[in-house]
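Peer 1: After the structure tokens below, expect a handful of questions from me.
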Amino acid sequence: MAQSKKTRFYIRTVILAILVVAIIGTIYVNVTKEKNAVLAVGDQAPDFQLVDMDGNVQRLSDYKGQGVFLNFWGTWCKPCAKEMPYIDKQYQVFKDQGVQTIAVNIAESDFKVNSYTKQYGMTFPVVIDRQKNVMERYNIGPLPTTFLVDPDGKIIRIIQGEMTEQDVANFMEEIKPS
Amino acid sequence: MKSLECKCGHINPVGTQLCESCGRPLTEEAINKPLADMRYEGSARRSQTYNKTIIDKVWNFFSSVKVGMWIIVAILVAAAIGTILPQVFYVPANNATEAAAYYERIYGTFGKIYNDLGLSDLYSSWWFQGLIGMLGISLIIASLDRVIPLYKSLKKQKVKRHSSFLQRQRLYTKAENVTEDVLTPAEKKLKELKYNVRREDGALLAEKGRFSRWGPYVNHLGLIIFLGGVMLRAIPGVYVDEQLWIREGETLAVPGASGYFIQNNGFEFDVYDKESSDEVFSDAIDRVGTIASNYQTNLTLFEGANQEVVGDPGELEEIKSGPTIVNKPFKFDSYNIYQIDFRLDELKAMTFNLENKESGEQFGEFTIDLIEPEPEYDLGDGYKVELVDYYADFTGFENGEPQSKSPIPNNPAFLVRMYTPDKPEPETSFVLIRETIEPFGENDYKLKFQAAETRDISGLTVRKDLTLPILMIGGLIFMIGVAQGSYWNHRRIWIQQTATGDVSIAGHTNKNWNSVKKDLYYVTKDTKVPRPKDQQDPEDDLDFEEGDETS
């Protein structure tokens, strides 16, 4: 009888353990799935590849070892228009210190993007995310959204909304390789 | 370790109500009851026996049907709360911040609290899933705890039971001094009624439909398989449910299916018309107006050559083309693309003609594609229109600067320069819908609007669910269990005759008492033994007619 009691204890423990592990595992995966989809500070910046307005392939992983100032924008977005000249000015300052700037336009026309870059005199690479898959991967909500990617390819800051020129300078300083 | 020894000498586990061997009542409670509690055959439910270790306590908690019921009530209440306001995936918001603002704006303080409490995403919350998990544990443990002792006691049940067991059955009758053999004719009749009959000196046990007792456990098994299938959705790649809006002509990445792209080749919206419909419907068509007959998007699926990294898909290789129609999805791999929504007539292109305002003479038509405009349109003979800038969703001027509030051509406006051979300098014009602004003074030429082209937008759902076969098997097993427990019943009849001619007959069933009453009537009608009476319902005066004996 004592033997069977011991057996029962082990059987119950094993069954409960399996059930609890399976359920907690499922809940953990389900609850964190949403959060994984949304990129967070500390995550590796997902690699992407798009062709810029000059026809050059821009691939994020090619800039390993450099900081990348990754700005998502649209021509119709007013705060984007405000910060664009600041970004361009700071790009000129930081480009020789290992900070690259890439501006990702969300699926607008070549015409509109060209006229805009000309109007604002943007000198850094501008790419168009035509199929919106980079936007989806980076979970872009409102524009502008800027990702600061450090030389190791890690996201160290996500900025939603407009930046002042001082902000832009400080952020570029943050991702400067040491 | 305590155990209960019955008068018949059988050792029963603690908690047993009715002796496993002879059926005598063992506990004070069972002795005092006029009728035996036949649930689980009076066996000791394991949960009620030991309560020593923490494992036993947890086990017993989940084994309780009462706890199971409360878990179900909690799930019902929570699920109901989740329907008070739309869940976050039905809300037009791209992220948490937008969603929070939406709830507050539309539903006020209540909406804000609702969202802050996480009720707007209730079904994905850890605690709701935890409740479902607890229900799963409860189903498994409660079933195990009951089905095993029940199986054992039904399997080893004895033909001969103590008279007190028969007396305590709901259907019972007794007769004295019956000289002729009752058992043999009864056995014959019961076999006619398709009972399994076993005999042992002076005792008979007839049993029918025992498998219906497994019905509840079979349906629990089905539910557990179902829940297990749902759990598998947590594994990446097993389950995808994504939405996308795609305009005619657009090629977009398929959300949830990386590396795949779809192109919208056109949306079709058809209505019933009187010509092609049966005449009987013409009244209805007159009364209602438009009755939709078809919503369809024609799609082409591509796979990008560049599979390793998101962004530029590389060369697109066509995989297949075909329509998605309501209820008839476009299928590829294990994905289904469903037609679920649409918006009609978004501007796509506008056609103008360069015209001399005074003479009305026209110099050539050209079409501006509002999605991919060209920088210039050459009309020949020295006439040319240069597109300086384009504002898709024009809202007015700010500091002399035209503004567009979105990239969608809801209200397109164009800043153009018109080159004509008679003018050394081009004229500048700002062209709006039904309006032209001439910023640098009166022009001789204008762009005259000719026609607009529109396109439709399809709302599609991309779905993949590898768990469907498991859910179907679970559902099927569930239904088998339900049918097994509902449409069959477990009937037992005990007949005992002593050497002195005392006959007692008892009957039991887990449901549908009339069935076993009828069977007992048939067994007893040609004997001196009266038909067993329903001890729970003394008014029982069911009258069975001749020829009504089989059921």
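Just so we're on the same page: first chain in the structure tokens is A, next is B, and so on; residues restart at 1 for each chain, and ligands are numbered from 1 in the order they show up.
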At a cut-off of 8 Å, can you tabulate as a tab-separated table every residue of chain A near chain B together with its closest atom pair and the distance in Å to one decimal, using only C-alpha atoms and ordering rows by chain then number?

Peer 2:
residue	atom	partner	partner_atom	distance
A:Met1	CA	B:Met1	CA	7.6
A:Ala2	CA	B:Met1	CA	7.9
A:Phe9	CA	B:Ile55	CA	7.3
A:Arg12	CA	B:Ile55	CA	7.0
A:Thr13	CA	B:Ile55	CA	6.3
A:Leu16	CA	B:Trp59	CA	7.7
A:Leu19	CA	B:Ile137	CA	6.7
A:Ile23	CA	B:Gly133	CA	5.8
A:Ile24	CA	B:Gly130	CA	7.8
A:Thr26	CA	B:Ala234	CA	6.0
A:Ile27	CA	B:Trp126	CA	5.9
A:Tyr28	CA	B:Trp126	CA	7.7
A:Val29	CA	B:Ala234	CA	6.0
A:Asn30	CA	B:Ala234	CA	5.6
A:Val31	CA	B:Trp126	CA	6.4
A:Asp47	CA	B:Val309	CA	6.2
A:Phe48	CA	B:Val310	CA	4.8
A:Gln49	CA	B:Gly311	CA	4.9
A:Leu50	CA	B:Asp312	CA	4.8
A:Val51	CA	B:Asp312	CA	7.0
A:Gly74	CA	B:Pro407	CA	7.8
A:Thr75	CA	B:Pro407	CA	7.6
A:Trp76	CA	B:Ser404	CA	5.3
A:Cys77	CA	B:Lys405	CA	7.0
A:Glu108	CA	B:Pro407	CA	7.1
A:Ser109	CA	B:Glu372	CA	5.0
A:Asp110	CA	B:Glu372	CA	6.8
A:Phe111	CA	B:Pro373	CA	6.0
A:Lys112	CA	B:Tyr390	CA	6.9
A:Ser115	CA	B:Asp389	CA	6.7
A:Asp129	CA	B:Gly311	CA	6.6
A:Arg130	CA	B:Leu252	CA	7.6
A:Gln131	CA	B:Leu252	CA	4.4
A:Lys132	CA	B:Leu252	CA	6.7
A:Asn133	CA	B:Ala253	CA	5.7
A:Val134	CA	B:Gly311	CA	5.3
A:Glu136	CA	B:Pro255	CA	7.9
A:Arg137	CA	B:Val310	CA	7.8
A:Gly141	CA	B:Asn94	CA	5.5

Peer 1: Store the residues of this selection in a file with N, CA and C atoms, as a CSV table (one decimal), in the first residue's frame.

Peer 2:
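Produced file again15.csv, reproduced below:
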chain,number,residue,atom,x,y,z
A,1,MET,N,0.8,-1.2,0.0
A,1,MET,CA,0.0,0.0,0.0
A,1,MET,C,0.9,1.3,0.0
A,2,ALA,N,1.9,1.2,0.8
A,2,ALA,CA,2.8,2.4,0.9
A,2,ALA,C,3.5,2.6,-0.5
A,9,PHE,N,2.0,9.4,-5.9
A,9,PHE,CA,2.6,10.7,-5.7
A,9,PHE,C,3.5,11.1,-6.9
A,12,ARG,N,1.2,11.7,-10.0
A,12,ARG,CA,0.6,13.0,-9.9
A,12,ARG,C,1.5,14.1,-10.2
A,13,THR,N,2.7,14.0,-9.6
A,13,THR,CA,3.7,15.1,-9.7
A,13,THR,C,4.1,15.2,-11.2
A,16,LEU,N,1.1,16.8,-13.2
A,16,LEU,CA,1.0,18.2,-13.0
A,16,LEU,C,2.1,19.0,-13.6
A,19,LEU,N,1.7,19.4,-17.3
A,19,LEU,CA,0.6,20.3,-17.6
A,19,LEU,C,1.0,21.8,-17.4
A,23,ILE,N,1.4,24.7,-20.1
A,23,ILE,CA,0.6,25.9,-20.1
A,23,ILE,C,1.4,27.1,-19.9
A,24,ILE,N,2.3,27.1,-19.0
A,24,ILE,CA,3.1,28.3,-18.8
A,24,ILE,C,3.9,28.6,-20.0
A,26,THR,N,3.1,28.0,-23.1
A,26,THR,CA,2.2,28.5,-24.1
A,26,THR,C,1.9,30.0,-23.8
A,27,ILE,N,1.6,30.3,-22.6
A,27,ILE,CA,1.2,31.6,-22.2
A,27,ILE,C,2.4,32.5,-22.4
A,28,TYR,N,3.6,32.1,-22.0
A,28,TYR,CA,4.8,32.9,-22.1
A,28,TYR,C,5.0,33.2,-23.6
A,29,VAL,N,4.9,32.2,-24.5
A,29,VAL,CA,5.1,32.5,-25.9
A,29,VAL,C,4.1,33.4,-26.4
A,30,ASN,N,2.8,33.2,-26.1
A,30,ASN,CA,1.7,34.0,-26.6
A,30,ASN,C,1.9,35.5,-26.1
A,31,VAL,N,2.2,35.7,-24.9
A,31,VAL,CA,2.3,37.0,-24.3
A,31,VAL,C,3.5,37.8,-24.9
A,47,ASP,N,18.0,43.4,-40.2
A,47,ASP,CA,18.7,43.8,-41.5
A,47,ASP,C,17.7,44.1,-42.6
A,48,PHE,N,18.0,45.0,-43.4
A,48,PHE,CA,17.1,45.2,-44.6
A,48,PHE,C,18.0,45.7,-45.7
A,49,GLN,N,17.4,45.7,-46.9
A,49,GLN,CA,18.1,46.1,-48.1
A,49,GLN,C,17.2,46.8,-49.0
A,50,LEU,N,17.5,48.1,-49.4
A,50,LEU,CA,16.6,48.8,-50.3
A,50,LEU,C,17.5,49.6,-51.2
A,51,VAL,N,17.0,50.0,-52.4
A,51,VAL,CA,17.8,50.7,-53.3
A,51,VAL,C,17.6,52.2,-53.1
A,74,GLY,N,7.7,60.6,-44.4
A,74,GLY,CA,6.9,60.7,-45.6
A,74,GLY,C,6.9,62.2,-46.0
A,75,THR,N,6.6,62.4,-47.3
A,75,THR,CA,6.7,63.8,-47.8
A,75,THR,C,5.5,64.6,-47.2
A,76,TRP,N,4.5,64.0,-46.8
A,76,TRP,CA,3.3,64.7,-46.4
A,76,TRP,C,3.4,65.0,-44.9
A,77,CYS,N,4.4,64.5,-44.2
A,77,CYS,CA,4.5,64.6,-42.8
A,77,CYS,C,5.2,65.9,-42.4
A,108,GLU,N,6.2,56.0,-51.3
A,108,GLU,CA,5.7,57.1,-52.1
A,108,GLU,C,6.3,57.0,-53.5
A,109,SER,N,5.9,57.9,-54.4
A,109,SER,CA,6.4,57.9,-55.8
A,109,SER,C,7.8,58.4,-55.9
A,110,ASP,N,8.5,58.0,-56.9
A,110,ASP,CA,9.9,58.5,-57.2
A,110,ASP,C,9.8,60.0,-57.4
A,111,PHE,N,8.8,60.4,-58.1
A,111,PHE,CA,8.6,61.9,-58.4
A,111,PHE,C,8.6,62.7,-57.1
A,112,LYS,N,7.7,62.2,-56.2
A,112,LYS,CA,7.5,63.0,-55.0
A,112,LYS,C,8.7,63.0,-54.1
A,115,SER,N,11.4,65.3,-55.8
A,115,SER,CA,11.1,66.7,-55.7
A,115,SER,C,11.4,67.1,-54.2
A,129,ASP,N,10.6,52.3,-49.4
A,129,ASP,CA,10.1,51.0,-49.0
A,129,ASP,C,8.8,50.7,-49.7
A,130,ARG,N,8.9,50.3,-51.0
A,130,ARG,CA,7.8,50.2,-51.9
A,130,ARG,C,6.8,49.1,-51.4
A,131,GLN,N,7.2,48.0,-51.0
A,131,GLN,CA,6.3,46.9,-50.6
A,131,GLN,C,5.9,47.0,-49.1
A,132,LYS,N,6.4,48.0,-48.5
A,132,LYS,CA,6.1,48.3,-47.1
A,132,LYS,C,6.6,47.2,-46.1
A,133,ASN,N,7.5,46.4,-46.6
A,133,ASN,CA,7.9,45.3,-45.7
A,133,ASN,C,8.9,45.7,-44.6
A,134,VAL,N,9.8,46.7,-44.9
A,134,VAL,CA,10.7,47.2,-43.9
A,134,VAL,C,9.9,47.9,-42.8
A,136,GLU,N,6.9,47.2,-42.0
A,136,GLU,CA,6.2,46.2,-41.2
A,136,GLU,C,7.1,45.6,-40.2
A,137,ARG,N,8.4,45.3,-40.7
A,137,ARG,CA,9.3,44.7,-39.9
A,137,ARG,C,9.7,45.6,-38.7
A,141,GLY,N,4.6,53.1,-36.7
A,141,GLY,CA,3.3,53.7,-36.6
A,141,GLY,C,3.3,55.1,-37.1

Peer 1: So that I can see what lies close to Gly42 of chain A, please list as a list in words the residues with an atom at most 10 Å from it, counting only C-alpha atoms and leaving out residues fewer than 3 positions away in the same chain.

Peer 2: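 The neighbour list is Leu39, Ala45, Val149, Asp150, Gly153, Lys154, Ile155, Ile156 and Arg157 of chain A.
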
Peer 1: Can you list every residue in segment 94-231 of chain B that DSSP puts in helix (DSSP H, G or I), as a ChimeraX atom specification?

Peer 2: /B:96-116,119-124,126-155,163-167,183-192,210-231

Peer 1: Just C-alpha atoms for this one: save the residues we selected as a compact mmCIF listing (two decimals), in the first residue's frame.

Peer 2:
# COMPACT_ATOMS: atom_id res chain seq x y z
CA ALA B 96 -0.58 50.94 -28.33
CA THR B 97 -0.45 54.73 -28.11
CA GLU B 98 -2.94 55.19 -30.92
CA ALA B 99 -5.19 52.53 -29.44
CA ALA B 100 -5.15 54.18 -26.02
CA ALA B 101 -6.06 57.51 -27.60
CA TYR B 102 -8.83 55.86 -29.60
CA TYR B 103 -10.46 54.24 -26.57
CA GLU B 104 -10.37 57.47 -24.63
CA ARG B 105 -11.69 59.53 -27.52
CA ILE B 106 -14.55 57.22 -28.48
CA TYR B 107 -15.60 55.75 -25.15
CA GLY B 108 -14.47 58.41 -22.69
CA THR B 109 -13.27 57.61 -19.20
CA PHE B 110 -14.79 54.15 -19.29
CA GLY B 111 -12.84 53.42 -22.47
CA LYS B 112 -9.65 54.68 -20.88
CA ILE B 113 -10.11 52.49 -17.80
CA TYR B 114 -11.08 49.54 -19.99
CA ASN B 115 -7.93 49.93 -22.03
CA ASP B 116 -5.70 50.66 -19.03
CA LEU B 119 -9.46 44.50 -21.11
CA SER B 120 -9.06 45.74 -24.67
CA ASP B 121 -6.72 42.82 -25.31
CA LEU B 122 -8.33 40.45 -22.86
CA TYR B 123 -8.19 37.25 -24.87
CA SER B 124 -4.42 37.42 -25.27
CA TRP B 126 -1.76 35.94 -19.52
CA TRP B 127 -4.51 35.59 -16.96
CA PHE B 128 -7.24 34.72 -19.46
CA GLN B 129 -5.00 32.13 -21.07
CA GLY B 130 -4.14 30.97 -17.55
CA LEU B 131 -7.83 30.38 -16.85
CA ILE B 132 -8.16 28.35 -20.04
CA GLY B 133 -5.08 26.39 -18.99
CA MET B 134 -6.61 25.75 -15.56
CA LEU B 135 -9.76 24.51 -17.28
CA GLY B 136 -7.58 22.11 -19.26
CA ILE B 137 -5.88 20.85 -16.09
CA SER B 138 -9.24 20.52 -14.40
CA LEU B 139 -10.64 18.51 -17.32
CA ILE B 140 -7.69 16.14 -17.34
CA ILE B 141 -7.41 15.59 -13.60
CA ALA B 142 -11.12 15.41 -12.86
CA SER B 143 -11.57 12.91 -15.67
CA LEU B 144 -8.61 10.75 -14.63
CA ASP B 145 -9.79 10.77 -11.06
CA ARG B 146 -13.19 9.50 -11.98
CA VAL B 147 -12.76 7.35 -15.03
CA ILE B 148 -10.11 5.07 -13.54
CA PRO B 149 -12.05 4.01 -10.39
CA LEU B 150 -15.26 3.82 -12.41
CA TYR B 151 -13.62 1.62 -14.98
CA LYS B 152 -12.17 -0.62 -12.30
CA SER B 153 -15.38 -1.03 -10.39
CA LEU B 154 -17.46 -1.73 -13.48
CA LYS B 155 -14.87 -4.16 -14.72
CA SER B 163 -29.46 -7.92 -0.49
CA SER B 164 -28.98 -4.49 1.05
CA PHE B 165 -27.45 -3.33 -2.23
CA LEU B 166 -30.48 -4.48 -4.21
CA GLN B 167 -32.84 -2.91 -1.69
CA LEU B 183 -33.64 -16.81 -13.49
CA THR B 184 -33.65 -18.97 -16.59
CA PRO B 185 -36.69 -17.42 -18.31
CA ALA B 186 -35.44 -13.97 -17.28
CA GLU B 187 -32.07 -14.68 -18.81
CA LYS B 188 -33.74 -15.66 -22.06
CA LYS B 189 -35.86 -12.52 -22.18
CA LEU B 190 -32.99 -10.27 -21.22
CA LYS B 191 -30.88 -11.77 -23.95
CA GLU B 192 -33.70 -11.03 -26.38
CA ARG B 210 -22.02 0.17 -20.42
CA PHE B 211 -20.01 2.14 -22.95
CA SER B 212 -22.34 5.10 -22.54
CA ARG B 213 -20.71 5.64 -19.16
CA TRP B 214 -17.49 6.63 -20.97
CA GLY B 215 -19.31 9.36 -22.91
CA PRO B 216 -18.35 12.25 -20.61
CA TYR B 217 -14.72 11.17 -20.54
CA VAL B 218 -14.58 10.77 -24.30
CA ASN B 219 -15.98 14.26 -24.75
CA HIS B 220 -13.46 15.62 -22.24
CA LEU B 221 -10.73 13.93 -24.22
CA GLY B 222 -12.03 15.72 -27.32
CA LEU B 223 -11.94 19.05 -25.48
CA ILE B 224 -8.41 18.41 -24.26
CA ILE B 225 -7.24 17.62 -27.79
CA PHE B 226 -8.96 20.82 -28.96
CA LEU B 227 -7.24 22.91 -26.31
CA GLY B 228 -3.95 21.23 -27.13
CA GLY B 229 -4.42 22.21 -30.76
CA VAL B 230 -5.06 25.81 -29.79
CA MET B 231 -1.91 25.73 -27.65

Peer 1: Nearest residue to Glu248 of chain B out of B:Ile437, B:Val280, B:Ile457, B:Leu171, using only C-alpha atoms?

Peer 2: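 Closest to Glu248 of chain B of all the choices is B:Ile457.
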
Peer 1: Just asking: which residues within chain A are strand (DSSP E) according to DSSP, as a short mmCIF file (atom, residue, chain, number, x, y, z; two decimals) with C-alpha atoms, in the first residue's frame?

Peer 2:
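Writing done, so here's selection_11.cif:
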data_model
loop_
_atom_site.label_atom_id
_atom_site.label_comp_id
_atom_site.auth_asym_id
_atom_site.auth_seq_id
_atom_site.Cartn_x
_atom_site.Cartn_y
_atom_site.Cartn_z
CA PHE A 48 17.11 45.24 -44.59
CA GLN A 49 18.12 46.10 -48.11
CA LEU A 50 16.62 48.81 -50.32
CA VAL A 51 17.82 50.74 -53.35
CA VAL A 57 21.93 49.24 -52.70
CA GLN A 58 21.69 50.26 -49.08
CA ARG A 59 21.95 47.33 -46.72
CA GLY A 67 26.35 54.01 -36.05
CA VAL A 68 23.25 54.27 -38.21
CA PHE A 69 20.70 57.06 -37.84
CA LEU A 70 17.65 55.41 -39.40
CA ASN A 71 14.79 57.79 -40.10
CA PHE A 72 11.36 56.76 -41.40
CA TRP A 73 9.49 59.58 -43.07
CA VAL A 99 27.70 57.80 -38.29
CA GLN A 100 25.63 56.93 -41.35
CA THR A 101 22.18 58.33 -42.02
CA ILE A 102 19.49 56.50 -44.01
CA ALA A 103 16.03 57.93 -44.60
CA VAL A 104 13.34 55.39 -45.44
CA ASN A 105 10.33 56.76 -47.28
CA VAL A 126 17.11 58.10 -49.26
CA VAL A 127 15.39 54.77 -49.94
CA ILE A 128 11.76 53.96 -50.74
CA THR A 145 10.13 57.50 -36.30
CA THR A 146 13.87 57.30 -35.86
CA PHE A 147 15.93 54.30 -34.80
CA LEU A 148 19.40 54.79 -33.39
CA VAL A 149 21.48 51.75 -34.31
CA ILE A 155 18.86 49.51 -31.34
CA ILE A 156 19.76 51.88 -28.55
CA ARG A 157 16.90 54.33 -28.93
CA ILE A 158 13.58 54.68 -30.75
CA ILE A 159 12.33 58.22 -31.22
CA GLN A 160 8.76 58.82 -32.30
#

Peer 1: Mind checking which residues fall within 7 Å of segment 79-84 of chain A, counting only C-alpha atoms, ignoring those fewer than 6 positions away in the same chain, and posting them as a list of chain:residue names?

Peer 2: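 My reading of the contact set: A:Trp73, A:Pro144, A:Glu162, A:Met163, A:Thr164.
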
Peer 1: Next, the residues of the selection above should be written as an mmCIF file, in the first residue's frame with C-alpha atoms.

Peer 2:
data_model
loop_
_atom_site.group_PDB
_atom_site.id
_atom_site.type_symbol
_atom_site.label_atom_id
_atom_site.label_comp_id
_atom_site.auth_asym_id
_atom_site.auth_seq_id
_atom_site.Cartn_x
_atom_site.Cartn_y
_atom_site.Cartn_z
ATOM 1 C CA TRP A 73 9.485 59.583 -43.067
ATOM 2 C CA PRO A 144 8.591 60.354 -38.232
ATOM 3 C CA GLU A 162 9.942 65.452 -34.184
ATOM 4 C CA MET A 163 13.506 66.206 -33.084
ATOM 5 C CA THR A 164 15.279 69.511 -32.614
#

Peer 1: Residues at most 12 Å from Leu35 of chain B, counting only C-alpha atoms, excluding those fewer than 2 positions away in the same chain, as a VMD selection string?

Peer 2: chain B and resid 18 24 to 25 29 to 33 37 to 39 42 164 to 172 506 508 534 to 537

Peer 1: What would the file look like if the residues just selected were written as an mmCIF file, in the first residue's frame with N, CA and C atoms?

Peer 2:
data_model
loop_
_atom_site.group_PDB
_atom_site.id
_atom_site.type_symbol
_atom_site.label_atom_id
_atom_site.label_comp_id
_atom_site.auth_asym_id
_atom_site.auth_seq_id
_atom_site.Cartn_x
_atom_site.Cartn_y
_atom_site.Cartn_z
ATOM 1 N N LEU B 18 -19.895 2.129 -1.260
ATOM 2 C CA LEU B 18 -20.533 0.823 -1.363
ATOM 3 C C LEU B 18 -19.440 -0.205 -1.596
ATOM 4 N N ARG B 24 -22.611 -3.774 -0.177
ATOM 5 C CA ARG B 24 -23.156 -3.284 1.098
ATOM 6 C C ARG B 24 -22.746 -1.826 1.309
ATOM 7 N N PRO B 25 -23.639 -1.046 1.917
ATOM 8 C CA PRO B 25 -23.229 0.310 2.266
ATOM 9 C C PRO B 25 -22.172 0.256 3.355
ATOM 10 N N GLU B 29 -23.251 7.415 6.334
ATOM 11 C CA GLU B 29 -24.103 8.180 5.434
ATOM 12 C C GLU B 29 -24.833 7.247 4.456
ATOM 13 N N ALA B 30 -24.059 6.296 3.904
ATOM 14 C CA ALA B 30 -24.645 5.383 2.924
ATOM 15 C C ALA B 30 -25.668 4.451 3.572
ATOM 16 N N ILE B 31 -25.387 4.090 4.841
ATOM 17 C CA ILE B 31 -26.311 3.198 5.530
ATOM 18 C C ILE B 31 -27.639 3.898 5.793
ATOM 19 N N ASN B 32 -27.549 5.177 6.133
ATOM 20 C CA ASN B 32 -28.765 5.905 6.491
ATOM 21 C C ASN B 32 -29.617 6.300 5.300
ATOM 22 N N LYS B 33 -29.013 6.264 4.135
ATOM 23 C CA LYS B 33 -29.787 6.660 2.953
ATOM 24 C C LYS B 33 -30.669 5.506 2.488
ATOM 25 N N ASP B 37 -26.237 5.846 -3.548
ATOM 26 C CA ASP B 37 -25.748 6.810 -4.529
ATOM 27 C C ASP B 37 -24.866 6.044 -5.511
ATOM 28 N N MET B 38 -25.392 5.868 -6.719
ATOM 29 C CA MET B 38 -24.701 4.996 -7.669
ATOM 30 C C MET B 38 -23.674 5.732 -8.526
ATOM 31 N N ARG B 39 -23.514 7.027 -8.264
ATOM 32 C CA ARG B 39 -22.519 7.735 -9.071
ATOM 33 C C ARG B 39 -21.152 7.140 -8.807
ATOM 34 N N GLY B 42 -20.226 4.143 -6.244
ATOM 35 C CA GLY B 42 -19.927 4.165 -4.812
ATOM 36 C C GLY B 42 -18.461 3.923 -4.513
ATOM 37 N N SER B 164 -28.814 -5.913 0.726
ATOM 38 C CA SER B 164 -28.980 -4.486 1.054
ATOM 39 C C SER B 164 -28.655 -3.598 -0.147
ATOM 40 N N PHE B 165 -27.790 -4.095 -1.030
ATOM 41 C CA PHE B 165 -27.452 -3.327 -2.229
ATOM 42 C C PHE B 165 -28.660 -3.273 -3.167
ATOM 43 N N LEU B 166 -29.314 -4.428 -3.341
ATOM 44 C CA LEU B 166 -30.484 -4.479 -4.214
ATOM 45 C C LEU B 166 -31.618 -3.607 -3.664
ATOM 46 N N GLN B 167 -31.773 -3.702 -2.342
ATOM 47 C CA GLN B 167 -32.838 -2.910 -1.691
ATOM 48 C C GLN B 167 -32.673 -1.421 -1.900
ATOM 49 N N ARG B 168 -31.424 -1.023 -1.970
ATOM 50 C CA ARG B 168 -31.172 0.403 -2.066
ATOM 51 C C ARG B 168 -31.203 0.915 -3.509
ATOM 52 N N GLN B 169 -31.530 0.057 -4.446
ATOM 53 C CA GLN B 169 -31.665 0.531 -5.818
ATOM 54 C C GLN B 169 -33.039 1.185 -5.988
ATOM 55 N N ARG B 170 -33.076 2.100 -6.915
ATOM 56 C CA ARG B 170 -34.306 2.863 -7.108
ATOM 57 C C ARG B 170 -35.454 1.969 -7.569
ATOM 58 N N LEU B 171 -35.142 1.014 -8.458
ATOM 59 C CA LEU B 171 -36.183 0.080 -8.914
ATOM 60 C C LEU B 171 -35.977 -1.233 -8.185
ATOM 61 N N TYR B 172 -36.950 -1.635 -7.414
ATOM 62 C CA TYR B 172 -36.746 -2.811 -6.572
ATOM 63 C C TYR B 172 -38.075 -3.515 -6.370
ATOM 64 N N ALA B 506 -33.732 -5.899 -8.878
ATOM 65 C CA ALA B 506 -33.426 -4.464 -8.807
ATOM 66 C C ALA B 506 -32.957 -4.008 -10.177
ATOM 67 N N HIS B 508 -31.204 -0.546 -12.420
ATOM 68 C CA HIS B 508 -30.556 0.768 -12.337
ATOM 69 C C HIS B 508 -30.168 1.223 -13.736
ATOM 70 N N ASP B 534 -40.767 2.024 -8.519
ATOM 71 C CA ASP B 534 -39.815 3.135 -8.438
ATOM 72 C C ASP B 534 -39.849 3.679 -7.021
ATOM 73 N N GLN B 535 -38.800 3.419 -6.260
ATOM 74 C CA GLN B 535 -38.799 3.822 -4.851
ATOM 75 C C GLN B 535 -38.641 5.329 -4.692
ATOM 76 N N GLN B 536 -38.216 5.969 -5.742
ATOM 77 C CA GLN B 536 -38.018 7.418 -5.639
ATOM 78 C C GLN B 536 -39.286 8.153 -6.053
ATOM 79 N N ASP B 537 -40.134 7.458 -6.788
ATOM 80 C CA ASP B 537 -41.345 8.083 -7.318
ATOM 81 C C ASP B 537 -42.519 7.133 -7.061
#

Peer 1: For each of A:Ser4, A:Asn139, A:Ser61, A:Gln66, take the minimum atom-to-atom distance to Gly98 of chain A, counting only C-alpha atoms, then give the residue where this is smallest.

Peer 2: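 Result for the nearest residue to Gly98 of chain A: A:Gln66.
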
Peer 1: Might you pull out every residue within 7 Å of Lys208 of chain B, with only C-alpha atoms counted and same-chain residues fewer than 2 positions away left off, and present them as a list of chain:residue names?

Peer 2: B:Tyr195, B:Asn196, B:Ala206, B:Arg210, B:His490, B:Arg491, B:Arg492

Peer 1: For atom CA of Gly485 of chain B and atom CA of Lys194 of chain B, determine how far apart the two atoms are, in Å to one decimal place.

Peer 2: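 Taking atom CA of Gly485 of chain B and atom CA of Lys194 of chain B, their separation equals 18.6 Å.
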